[in-house]
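Here's the structure, in structure tokens; my notes come after.
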Amino acid sequence: METKIIHPQEIEEAVKAIKEGELVSFPTETVYGLGADATNEEAVKNVYLAKGRPSDNPLIVHVASCKQVTPFVSNIPEKAQRLMDTFWPGPLTLIFKLKSAESLPSVVTGGLETAAFRMPNNELTLQLIKESETVLVGPSANTSGLPSPTTANHVYQDLAGKIFGVLDGGASFVGIESTVLDMSQEDGMPVILRPGAITKEQLEEMIGEVEMDQHILTEKEAPKAPGMKYKHYSPKTPVIMIDYQKNNWQEAINEFKNEHKKIGIMTHPEKKSLLNGYDAYYKLSQKYDVVEAMRYLFAGLRYLDEDKLDLDIILVETYPEVGAGMAYMNRLKKAANQKTYKK
């Protein structure tokens, strides 16, 4: 199969492909999604095959309006409606209890009685959903386990020959996946299952207390949200975190250089100017700005992982785990398999 880059003016080609059960990657403000008709079981199965993704890991259903959620769910709590009115379209995914097990194919829900829904903040993709006259699954459009794609070219690098096309909407401006909030317990506390650009503090301003899920699922348990199970976000080149408090960049570079390793670094320009001995650099943020770092984390990991650089190690700066830093560190820790330079 020859995968086509579909330009905005060619969107009708993407609509036709979705209606025919094909896979089309679409742009969002978070990362690029791998789109298929969420009501077409065979199309959804092909999403898992294209990504190499475990089939018990549930998918987010992407909608173009709040009305598209109601046919599938038993109830939208008042707090959830408040969040939808405030943050949709935007990087917030809400989990609801389904009307029945048959509301959506089990390949979408991972066999759960709940499903996750989001309205992406991207006019091109909202048009795609509306004109396709259905709702779309949209996991990150990458090979499972690799850093998520934030450009059409990233998608093409991973999935060329495996999907119909990539709808090119430019670079994502958030850069990491959406916040996932479980609203499925009618009288229960809302729980963040995956941190994202919409922070715990922002949610609590709207609906009161929200819990952060602290439980790390084992392989024997069913995940309620994408990103909670299996290895995620990791390039082929090993990643090691450099603690912002210890600021031991040069020590790390010197040690790995003594081991004859080629080193890539991800930090801000002011820090870079004080360092020497590294082999490649990617600007994580202009200043020490976690929102900007979040936007460029995956793009930087992908750039430094390119074969032409032939690096042995990637060193990446950490941020405090507060506010947006919670989401940034969630992704970075998984990319680095929790490894921090200790000396």
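Residue numbering restarts at 1 in every chain; chains get A, B, ... in the order shown in the structure tokens, and ligands count up from 1 in that same order.
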
*Do you know which residues are at most 10 Å from region 79-94 of chain A counting only C-alpha atoms, after dropping those on the same chain fewer than 4 positions away, and could you put them as a ChimeraX atom specification?*
/A:28-31,60-66,75,115-123,126,174,176-184,190,192-199,202-203,206-208,225

*as a PyMOL selection string, please: all residues of region 112-272 of chain A that backbone DSSP puts in alpha helix (DSSP H).*
chain A and resi 123-132+152-159+200-207+249-258+269-272

*Looking at A:Ile11, A:Val73, A:Val47, A:Ala38, which one is nearest to Ser144 (chain A), with distances taken over only C-alpha atoms?*
A:Val47

*Which residue, A:Val108, A:Val290, A:Leu146, A:Leu274, has the smallest gap to Asp56 (chain A) when you use only C-alpha atoms?*
A:Val108

_To test your reading of the structure, identify every residue in region 196-338 of chain A that backbone DSSP assigns to strand (DSSP E or B), and report it as a PyMOL selection string._
chain A and resi 211-212+239-242+263-267+280-283+313-317

*Excluding same-chain residues fewer than 2 positions from region 281-283 of chain A, what lies within 12 Å of it counting only C-alpha atoms, as a ChimeraX atom specification?*
/A:262-273,275-279,285-289,292-305,309,311,313-317

_Please report the interatomic distance between CA of Asp310 (chain A) and CA of Glu255 (chain A) in Å with one decimal._
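Computing it gives 18.4 Å between the two atoms.
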
*Neighbours of Pro54 (chain A) within 9 Å (only C-alpha atoms; same-chain residues fewer than 3 positions away dropped), as a list in words?*
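Here the answer would be Tyr48, Leu49, Lys51, Asn57, Ser144 and Tyr230 of chain A.
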
_For region 152-163 of chain A: contacts at 6 Å, only C-alpha atoms, fewer than 5 positions along chain excluded, given as a PyMOL selection string_ = chain A and resi 1-3+23+50+141-143+168

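The shortest atom-to-atom distance to Ala327 (chain A), with only C-alpha atoms taken into account, belongs to A:Lys200 out of A:Lys200, A:Lys236, A:Lys261, A:Lys339.
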
*Counting only C-alpha atoms, figure out which residue out of A:Lys4, A:Leu136, A:Pro58, A:Gly145 gets nearest to Leu112 (chain A).*
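Checking each candidate against Leu112 (chain A), we get A:Pro58 as the closest.
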
*Point out the residue among A:Gly175, A:Pro320, A:Pro147, A:Gly165 with the least atom-to-atom distance to Tyr233 (chain A), counting only C-alpha atoms.*
A:Pro147
